[in-house]
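Here is the file structure_21.tsv (TSV, N, CA and C atoms).
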chain	number	residue	atom	x	y	z
A	171	MET	N	21.62	-17.24	-55.60
A	171	MET	CA	21.35	-18.65	-55.36
A	171	MET	C	20.74	-18.87	-53.99
A	172	GLY	N	21.12	-18.05	-53.01
A	172	GLY	CA	20.59	-18.19	-51.66
A	172	GLY	C	19.10	-17.91	-51.60
A	173	PHE	N	18.64	-16.94	-52.40
A	173	PHE	CA	17.22	-16.59	-52.41
A	173	PHE	C	16.38	-17.74	-52.97
A	174	ILE	N	16.87	-18.37	-54.03
A	174	ILE	CA	16.15	-19.49	-54.63
A	174	ILE	C	16.09	-20.66	-53.65
A	175	LEU	N	17.18	-20.92	-52.96
A	175	LEU	CA	17.19	-22.00	-51.97
A	175	LEU	C	16.24	-21.69	-50.82
A	176	MET	N	16.18	-20.42	-50.41
A	176	MET	CA	15.26	-20.02	-49.35
A	176	MET	C	13.80	-20.24	-49.79
A	177	ILE	N	13.48	-19.94	-51.03
A	177	ILE	CA	12.12	-20.16	-51.54
A	177	ILE	C	11.79	-21.65	-51.59
A	178	ILE	N	12.74	-22.46	-52.03
A	178	ILE	CA	12.52	-23.91	-52.09
A	178	ILE	C	12.31	-24.47	-50.70
A	179	VAL	N	13.15	-24.08	-49.75
A	179	VAL	CA	13.01	-24.56	-48.37
A	179	VAL	C	11.68	-24.07	-47.77
A	180	GLY	N	11.30	-22.83	-48.04
A	180	GLY	CA	10.02	-22.31	-47.56
A	180	GLY	C	8.85	-23.10	-48.11
A	181	GLY	N	8.92	-23.46	-49.39
A	181	GLY	CA	7.86	-24.28	-49.98
A	181	GLY	C	7.77	-25.66	-49.36
A	182	LEU	N	8.92	-26.27	-49.12
A	182	LEU	CA	8.93	-27.59	-48.49
A	182	LEU	C	8.41	-27.54	-47.06
A	183	ILE	N	8.79	-26.50	-46.33
A	183	ILE	CA	8.31	-26.34	-44.95
A	183	ILE	C	6.80	-26.16	-44.94
A	184	GLY	N	6.29	-25.31	-45.83
A	184	GLY	CA	4.84	-25.10	-45.93
A	184	GLY	C	4.09	-26.37	-46.29
A	185	TRP	N	4.64	-27.12	-47.25
A	185	TRP	CA	4.02	-28.38	-47.65
A	185	TRP	C	4.01	-29.39	-46.50
A	186	LEU	N	5.14	-29.49	-45.79
A	186	LEU	CA	5.25	-30.44	-44.69
A	186	LEU	C	4.31	-30.06	-43.55
A	187	ALA	N	4.21	-28.78	-43.25
A	187	ALA	CA	3.30	-28.34	-42.19
A	187	ALA	C	1.85	-28.65	-42.56
A	188	GLY	N	1.47	-28.43	-43.81
A	188	GLY	CA	0.12	-28.77	-44.26
A	188	GLY	C	-0.14	-30.26	-44.20
A	189	ALA	N	0.87	-31.06	-44.54
A	189	ALA	CA	0.72	-32.51	-44.48
A	189	ALA	C	0.59	-33.00	-43.04
A	190	ILE	N	1.34	-32.39	-42.12
A	190	ILE	CA	1.25	-32.78	-40.71
A	190	ILE	C	-0.13	-32.47	-40.16
A	191	LEU	N	-0.67	-31.30	-40.50
A	191	LEU	CA	-1.99	-30.93	-40.01
A	191	LEU	C	-3.13	-31.56	-40.80
A	192	GLY	N	-2.83	-32.05	-41.99
A	192	GLY	CA	-3.88	-32.61	-42.85
A	192	GLY	C	-4.77	-31.53	-43.44
A	193	LYS	N	-4.24	-30.35	-43.63
A	193	LYS	CA	-4.99	-29.22	-44.16
A	193	LYS	C	-4.40	-28.81	-45.50
A	194	ASP	N	-5.26	-28.38	-46.41
A	194	ASP	CA	-4.78	-27.82	-47.67
A	194	ASP	C	-4.53	-26.34	-47.47
A	195	ILE	N	-3.43	-25.89	-48.02
A	195	ILE	CA	-3.08	-24.48	-47.93
A	195	ILE	C	-3.64	-23.78	-49.16
A	196	PRO	N	-4.41	-22.71	-48.98
A	196	PRO	CA	-4.92	-21.99	-50.15
A	196	PRO	C	-3.76	-21.42	-50.97
A	197	GLY	N	-3.85	-21.52	-52.28
A	197	GLY	CA	-2.84	-20.95	-53.14
A	197	GLY	C	-1.85	-21.96	-53.71
A	198	GLY	N	-1.96	-23.21	-53.35
A	198	GLY	CA	-1.09	-24.25	-53.90
A	198	GLY	C	0.38	-24.03	-53.55
A	199	ILE	N	1.23	-24.06	-54.58
A	199	ILE	CA	2.67	-23.96	-54.37
A	199	ILE	C	3.04	-22.59	-53.80
A	200	ILE	N	2.43	-21.54	-54.32
A	200	ILE	CA	2.71	-20.19	-53.82
A	200	ILE	C	2.27	-20.08	-52.36
A	201	GLY	N	1.14	-20.68	-52.02
A	201	GLY	CA	0.68	-20.68	-50.63
A	201	GLY	C	1.64	-21.42	-49.71
A	202	ASN	N	2.20	-22.53	-50.21
A	202	ASN	CA	3.19	-23.27	-49.42
A	202	ASN	C	4.43	-22.44	-49.17
A	203	ILE	N	4.89	-21.75	-50.19
A	203	ILE	CA	6.08	-20.91	-50.04
A	203	ILE	C	5.82	-19.79	-49.05
A	204	ILE	N	4.68	-19.14	-49.18
A	204	ILE	CA	4.34	-18.04	-48.27
A	204	ILE	C	4.19	-18.55	-46.85
A	205	ALA	N	3.49	-19.69	-46.67
A	205	ALA	CA	3.32	-20.25	-45.33
A	205	ALA	C	4.66	-20.64	-44.73
A	206	GLY	N	5.56	-21.19	-45.53
A	206	GLY	CA	6.88	-21.57	-45.03
A	206	GLY	C	7.71	-20.37	-44.62
A	207	LEU	N	7.70	-19.31	-45.43
A	207	LEU	CA	8.51	-18.14	-45.12
A	207	LEU	C	7.93	-17.34	-43.94
A	208	ILE	N	6.61	-17.16	-43.91
A	208	ILE	CA	6.00	-16.47	-42.77
A	208	ILE	C	6.12	-17.34	-41.52
A	209	GLY	N	5.96	-18.64	-41.68
A	209	GLY	CA	6.13	-19.55	-40.56
A	209	GLY	C	7.54	-19.51	-40.01
A	210	SER	N	8.51	-19.33	-40.89
A	210	SER	CA	9.90	-19.19	-40.46
A	210	SER	C	10.07	-17.95	-39.59
A	211	ALA	N	9.45	-16.86	-39.99
A	211	ALA	CA	9.55	-15.63	-39.21
A	211	ALA	C	8.86	-15.80	-37.85
A	212	ILE	N	7.68	-16.41	-37.85
A	212	ILE	CA	6.94	-16.63	-36.60
A	212	ILE	C	7.73	-17.57	-35.69
A	213	GLY	N	8.22	-18.68	-36.23
A	213	GLY	CA	8.97	-19.64	-35.44
A	213	GLY	C	10.26	-19.06	-34.90
A	214	SER	N	10.93	-18.24	-35.69
A	214	SER	CA	12.18	-17.62	-35.23
A	214	SER	C	11.92	-16.63	-34.10
A	215	LYS	N	10.81	-15.91	-34.16
A	215	LYS	CA	10.48	-14.97	-33.09
A	215	LYS	C	10.11	-15.72	-31.80
A	216	LEU	N	9.40	-16.84	-31.95
A	216	LEU	CA	8.96	-17.59	-30.77
A	216	LEU	C	10.06	-18.47	-30.19
A	217	LEU	N	10.83	-19.13	-31.05
A	217	LEU	CA	11.77	-20.16	-30.60
A	217	LEU	C	13.24	-19.83	-30.82
A	218	GLY	N	13.53	-18.76	-31.53
A	218	GLY	CA	14.92	-18.45	-31.85
A	218	GLY	C	15.35	-19.18	-33.11
A	219	THR	N	16.64	-19.21	-33.34
A	219	THR	CA	17.15	-19.83	-34.57
A	219	THR	C	18.00	-21.06	-34.26
A	220	TRP	N	17.52	-21.92	-33.43
A	220	TRP	CA	18.26	-23.14	-33.09
A	220	TRP	C	17.95	-24.23	-34.11
A	221	GLY	N	18.77	-25.23	-34.11
A	221	GLY	CA	18.57	-26.36	-35.01
A	221	GLY	C	19.26	-26.16	-36.35
A	222	PRO	N	19.06	-27.10	-37.24
A	222	PRO	CA	19.72	-27.00	-38.55
A	222	PRO	C	19.16	-25.84	-39.37
A	223	VAL	N	20.03	-25.20	-40.14
A	223	VAL	CA	19.65	-24.08	-40.99
A	223	VAL	C	19.95	-24.47	-42.43
A	224	LEU	N	18.97	-24.30	-43.30
A	224	LEU	CA	19.14	-24.61	-44.71
A	224	LEU	C	18.62	-23.44	-45.53
A	225	GLY	N	19.46	-22.85	-46.33
A	225	GLY	CA	19.05	-21.72	-47.14
A	225	GLY	C	18.71	-20.49	-46.32
A	226	GLY	N	19.30	-20.37	-45.15
A	226	GLY	CA	19.00	-19.23	-44.27
A	226	GLY	C	17.74	-19.41	-43.46
A	227	VAL	N	17.11	-20.57	-43.54
A	227	VAL	CA	15.85	-20.85	-42.82
A	227	VAL	C	16.13	-21.89	-41.74
A	228	PRO	N	15.92	-21.53	-40.47
A	228	PRO	CA	16.05	-22.54	-39.40
A	228	PRO	C	14.90	-23.53	-39.50
A	229	ILE	N	15.19	-24.78	-39.75
A	229	ILE	CA	14.19	-25.78	-40.13
A	229	ILE	C	13.14	-26.03	-39.04
A	230	LEU	N	13.56	-26.36	-37.84
A	230	LEU	CA	12.60	-26.72	-36.79
A	230	LEU	C	11.72	-25.55	-36.35
A	231	PRO	N	12.27	-24.38	-36.04
A	231	PRO	CA	11.39	-23.25	-35.71
A	231	PRO	C	10.48	-22.86	-36.87
A	232	ALA	N	10.96	-22.97	-38.11
A	232	ALA	CA	10.13	-22.65	-39.27
A	232	ALA	C	8.96	-23.62	-39.39
A	233	LEU	N	9.20	-24.88	-39.13
A	233	LEU	CA	8.13	-25.88	-39.19
A	233	LEU	C	7.08	-25.61	-38.12
A	234	VAL	N	7.52	-25.33	-36.91
A	234	VAL	CA	6.58	-25.02	-35.82
A	234	VAL	C	5.78	-23.76	-36.16
A	235	GLY	N	6.45	-22.73	-36.66
A	235	GLY	CA	5.78	-21.49	-37.02
A	235	GLY	C	4.78	-21.69	-38.15
A	236	ALA	N	5.14	-22.49	-39.15
A	236	ALA	CA	4.23	-22.77	-40.26
A	236	ALA	C	3.01	-23.56	-39.80
A	237	ILE	N	3.21	-24.50	-38.89
A	237	ILE	CA	2.07	-25.26	-38.35
A	237	ILE	C	1.13	-24.31	-37.61
A	238	ILE	N	1.67	-23.40	-36.81
A	238	ILE	CA	0.84	-22.42	-36.10
A	238	ILE	C	0.09	-21.55	-37.10
A	239	LEU	N	0.78	-21.06	-38.12
A	239	LEU	CA	0.16	-20.19	-39.12
A	239	LEU	C	-0.96	-20.91	-39.87
A	240	ILE	N	-0.72	-22.14	-40.32
A	240	ILE	CA	-1.73	-22.89	-41.06
A	240	ILE	C	-2.93	-23.20	-40.17
A	241	PHE	N	-2.69	-23.51	-38.92
A	241	PHE	CA	-3.79	-23.77	-37.99
A	241	PHE	C	-4.67	-22.52	-37.84
A	242	ILE	N	-4.05	-21.36	-37.67
A	242	ILE	CA	-4.80	-20.11	-37.51
A	242	ILE	C	-5.55	-19.76	-38.78
A	243	VAL	N	-4.89	-19.88	-39.93
A	243	VAL	CA	-5.54	-19.55	-41.20
A	243	VAL	C	-6.71	-20.49	-41.47
A	244	SER	N	-6.55	-21.79	-41.22
A	244	SER	CA	-7.64	-22.73	-41.45
A	244	SER	C	-8.79	-22.48	-40.49
A	245	PHE	N	-8.50	-22.06	-39.27
A	245	PHE	CA	-9.56	-21.72	-38.31
A	245	PHE	C	-10.34	-20.50	-38.79
A	246	ILE	N	-9.64	-19.48	-39.27
A	246	ILE	CA	-10.29	-18.27	-39.77
A	246	ILE	C	-11.11	-18.59	-41.03
A	247	MET	N	-10.57	-19.38	-41.94
A	247	MET	CA	-11.30	-19.72	-43.16
A	247	MET	C	-12.55	-20.53	-42.84
A	248	LYS	N	-12.47	-21.40	-41.85
A	248	LYS	CA	-13.64	-22.19	-41.45
A	248	LYS	C	-14.70	-21.28	-40.84
A	249	ALA	N	-14.29	-20.29	-40.06
A	249	ALA	CA	-15.24	-19.35	-39.45
A	249	ALA	C	-15.90	-18.47	-40.51
A	250	ILE	N	-15.15	-18.09	-41.53
A	250	ILE	CA	-15.72	-17.25	-42.60
A	250	ILE	C	-16.74	-18.02	-43.42
A	251	ARG	N	-16.52	-19.29	-43.65
A	251	ARG	CA	-17.44	-20.10	-44.45
A	251	ARG	C	-18.79	-20.29	-43.77
A	252	LYS	N	-18.83	-20.19	-42.47
A	252	LYS	CA	-20.10	-20.41	-41.75
A	252	LYS	C	-20.96	-19.22	-41.75

Can you dump the structure from the file as structure tokens?
Amino acid sequence: MGFILMIIVGGLIGWLAGAILGKDIPGGIIGNIIAGLIGSAIGSKLLGTWGPVLGGVPILPALVGAIILIFIVSFIMKAIRK
């Protein structure tokens, strides 16, 4: 049950980060989940595991990490298109 909750929280974090930046994440729902989970790892390495934790995912560091990840990915995708 914890794994399913972690996937749901990762998807919500990825979706929220994309909404904050106004960027679409490639891959739809799967992309949101991946961005949320990788963002959680990035945010935890940069900021630690402070704040509320849901499904084993620290919410605030995960959101910051996902925003950083989506910004970098969108920058790279924009550079490739040119």

Assign secondary structure with DSSP using the backbone only, and return the residues of chain A in strand (DSSP E) as a compact mmCIF listing (two decimals) with N, CA and C atoms, in the frame of the given file.
# COMPACT_ATOMS: atom_id res chain seq x y z
N VAL A 223 20.03 -25.20 -40.14
CA VAL A 223 19.65 -24.08 -40.99
C VAL A 223 19.95 -24.47 -42.43
N LEU A 224 18.97 -24.30 -43.30
CA LEU A 224 19.14 -24.61 -44.71
C LEU A 224 18.62 -23.44 -45.53
N VAL A 227 17.11 -20.57 -43.54
CA VAL A 227 15.85 -20.85 -42.82
C VAL A 227 16.13 -21.89 -41.74
N PRO A 228 15.92 -21.53 -40.47
CA PRO A 228 16.05 -22.54 -39.40
C PRO A 228 14.90 -23.53 -39.50

(message) Considering all atoms listed in the file, can you say which of A:Ala205, A:Leu230, A:Ala211, A:Leu217 comes closest to A:Trp185?
(response)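 Using all atoms listed in the file, A:Trp185 sits closest to A:Ala205.
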
(request) State, in Å with one decimal place, the distance from atom CA of A:Gly197 to atom CA of A:Thr219. (result)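 Distance between the two atoms: 27.3 Å.
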
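Considering all atoms listed in the file, the residue among A:Gly188, A:Gly235, A:Gly206, A:Gly221 positioned nearest to A:Met176 is A:Gly206.
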
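Taking atom N of A:Gly225 as the reference point, atom CA of A:Asn202 is found at 16.6 Å.
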
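When all atoms listed in the file are used to compute distances to A:Val227, the closest of the residues A:Ile204, A:Gly180, A:Lys193, A:Leu239 turns out to be A:Gly180.
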
(request) Work out how far atom CA of A:Ile190 is from atom CA of A:Gly218, in Å to one decimal. (result) 21.7 Å

(request) Pull the neighbourhood of (7.1, -29.0, -39.8) for me: all residues within 7 Å in file coordinates, counting only C-alpha atoms, as a list in words. (result)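 The distance filter leaves exactly Ile183, Leu186, Ala187, Leu230, Leu233, Val234, Ala236 and Ile237 of chain A.
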
Written file, previous selection with N, CA and C atoms, as a CSV table (one decimal), in the frame of the given file:
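Listing of selection_9.csv after writing:
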chain,number,residue,atom,x,y,z
A,183,ILE,N,8.8,-26.5,-46.3
A,183,ILE,CA,8.3,-26.3,-45.0
A,183,ILE,C,6.8,-26.2,-44.9
A,186,LEU,N,5.1,-29.5,-45.8
A,186,LEU,CA,5.2,-30.4,-44.7
A,186,LEU,C,4.3,-30.1,-43.6
A,187,ALA,N,4.2,-28.8,-43.2
A,187,ALA,CA,3.3,-28.3,-42.2
A,187,ALA,C,1.8,-28.6,-42.6
A,230,LEU,N,13.6,-26.4,-37.8
A,230,LEU,CA,12.6,-26.7,-36.8
A,230,LEU,C,11.7,-25.6,-36.4
A,233,LEU,N,9.2,-24.9,-39.1
A,233,LEU,CA,8.1,-25.9,-39.2
A,233,LEU,C,7.1,-25.6,-38.1
A,234,VAL,N,7.5,-25.3,-36.9
A,234,VAL,CA,6.6,-25.0,-35.8
A,234,VAL,C,5.8,-23.8,-36.2
A,236,ALA,N,5.1,-22.5,-39.2
A,236,ALA,CA,4.2,-22.8,-40.3
A,236,ALA,C,3.0,-23.6,-39.8
A,237,ILE,N,3.2,-24.5,-38.9
A,237,ILE,CA,2.1,-25.3,-38.4
A,237,ILE,C,1.1,-24.3,-37.6

(request) Check chain A with DSSP on the backbone and list each residue it calls alpha helix (DSSP H), as a ChimeraX atom specification. (result) /A:172-191,198-217,229-251

(message) Just checking: using only N, CA and C atoms, which residue out of A:Ile250, A:Ala189, A:Pro231, A:Ile177 ends up closest to A:Lys215?
(response) A:Pro231

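Taking only C-alpha atoms into account, A:Leu191 lies nearest to A:Phe241 out of the set A:Phe241, A:Ser210, A:Lys252, A:Ile203.
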
(message) I'd like to know which of A:Ile174, A:Ala249, A:Ile200, A:Ile208 is closest to A:Ala232, using only C-alpha atoms.
(response) A:Ile208

Complete stretch 185-206 of chain A at the level of N, CA, C and O atoms, written as a compact mmCIF listing (two decimals), in the coordinates of the input.
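Here's the written file result_12.txt:
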# COMPACT_ATOMS: atom_id res chain seq x y z
N TRP A 185 4.64 -27.12 -47.25
CA TRP A 185 4.02 -28.38 -47.65
C TRP A 185 4.01 -29.39 -46.50
O TRP A 185 3.00 -30.04 -46.24
N LEU A 186 5.14 -29.49 -45.79
CA LEU A 186 5.25 -30.44 -44.69
C LEU A 186 4.31 -30.06 -43.55
O LEU A 186 3.66 -30.93 -42.96
N ALA A 187 4.21 -28.78 -43.25
CA ALA A 187 3.30 -28.34 -42.19
C ALA A 187 1.85 -28.65 -42.56
O ALA A 187 1.07 -29.10 -41.71
N GLY A 188 1.47 -28.43 -43.81
CA GLY A 188 0.12 -28.77 -44.26
C GLY A 188 -0.14 -30.26 -44.20
O GLY A 188 -1.23 -30.70 -43.83
N ALA A 189 0.87 -31.06 -44.54
CA ALA A 189 0.72 -32.51 -44.48
C ALA A 189 0.59 -33.00 -43.04
O ALA A 189 -0.19 -33.91 -42.75
N ILE A 190 1.34 -32.39 -42.12
CA ILE A 190 1.25 -32.78 -40.71
C ILE A 190 -0.13 -32.47 -40.16
O ILE A 190 -0.72 -33.28 -39.44
N LEU A 191 -0.67 -31.30 -40.50
CA LEU A 191 -1.99 -30.93 -40.01
C LEU A 191 -3.13 -31.56 -40.80
O LEU A 191 -4.27 -31.56 -40.35
N GLY A 192 -2.83 -32.05 -41.99
CA GLY A 192 -3.88 -32.61 -42.85
C GLY A 192 -4.77 -31.53 -43.44
O GLY A 192 -5.94 -31.78 -43.73
N LYS A 193 -4.24 -30.35 -43.63
CA LYS A 193 -4.99 -29.22 -44.16
C LYS A 193 -4.40 -28.81 -45.50
O LYS A 193 -3.19 -28.87 -45.70
N ASP A 194 -5.26 -28.38 -46.41
CA ASP A 194 -4.78 -27.82 -47.67
C ASP A 194 -4.53 -26.34 -47.47
O ASP A 194 -5.32 -25.63 -46.86
N ILE A 195 -3.43 -25.89 -48.02
CA ILE A 195 -3.08 -24.48 -47.93
C ILE A 195 -3.64 -23.78 -49.16
O ILE A 195 -3.38 -24.22 -50.28
N PRO A 196 -4.41 -22.71 -48.98
CA PRO A 196 -4.92 -21.99 -50.15
C PRO A 196 -3.76 -21.42 -50.97
O PRO A 196 -2.79 -20.92 -50.43
N GLY A 197 -3.85 -21.52 -52.28
CA GLY A 197 -2.84 -20.95 -53.14
C GLY A 197 -1.85 -21.96 -53.71
O GLY A 197 -0.97 -21.59 -54.46
N GLY A 198 -1.96 -23.21 -53.35
CA GLY A 198 -1.09 -24.25 -53.90
C GLY A 198 0.38 -24.03 -53.55
O GLY A 198 0.73 -23.82 -52.39
N ILE A 199 1.23 -24.06 -54.58
CA ILE A 199 2.67 -23.96 -54.37
C ILE A 199 3.04 -22.59 -53.80
O ILE A 199 3.84 -22.50 -52.87
N ILE A 200 2.43 -21.54 -54.32
CA ILE A 200 2.71 -20.19 -53.82
C ILE A 200 2.27 -20.08 -52.36
O ILE A 200 2.97 -19.48 -51.54
N GLY A 201 1.14 -20.68 -52.02
CA GLY A 201 0.68 -20.68 -50.63
C GLY A 201 1.64 -21.42 -49.71
O GLY A 201 1.87 -21.00 -48.58
N ASN A 202 2.20 -22.53 -50.21
CA ASN A 202 3.19 -23.27 -49.42
C ASN A 202 4.43 -22.44 -49.17
O ASN A 202 4.97 -22.42 -48.06
N ILE A 203 4.89 -21.75 -50.19
CA ILE A 203 6.08 -20.91 -50.04
C ILE A 203 5.82 -19.79 -49.05
O ILE A 203 6.63 -19.55 -48.14
N ILE A 204 4.68 -19.14 -49.18
CA ILE A 204 4.34 -18.04 -48.27
C ILE A 204 4.19 -18.55 -46.85
O ILE A 204 4.69 -17.95 -45.90
N ALA A 205 3.49 -19.69 -46.67
CA ALA A 205 3.32 -20.25 -45.33
C ALA A 205 4.66 -20.64 -44.73
O ALA A 205 4.89 -20.43 -43.53
N GLY A 206 5.56 -21.19 -45.53
CA GLY A 206 6.88 -21.57 -45.03
C GLY A 206 7.71 -20.37 -44.62
O GLY A 206 8.36 -20.38 -43.57
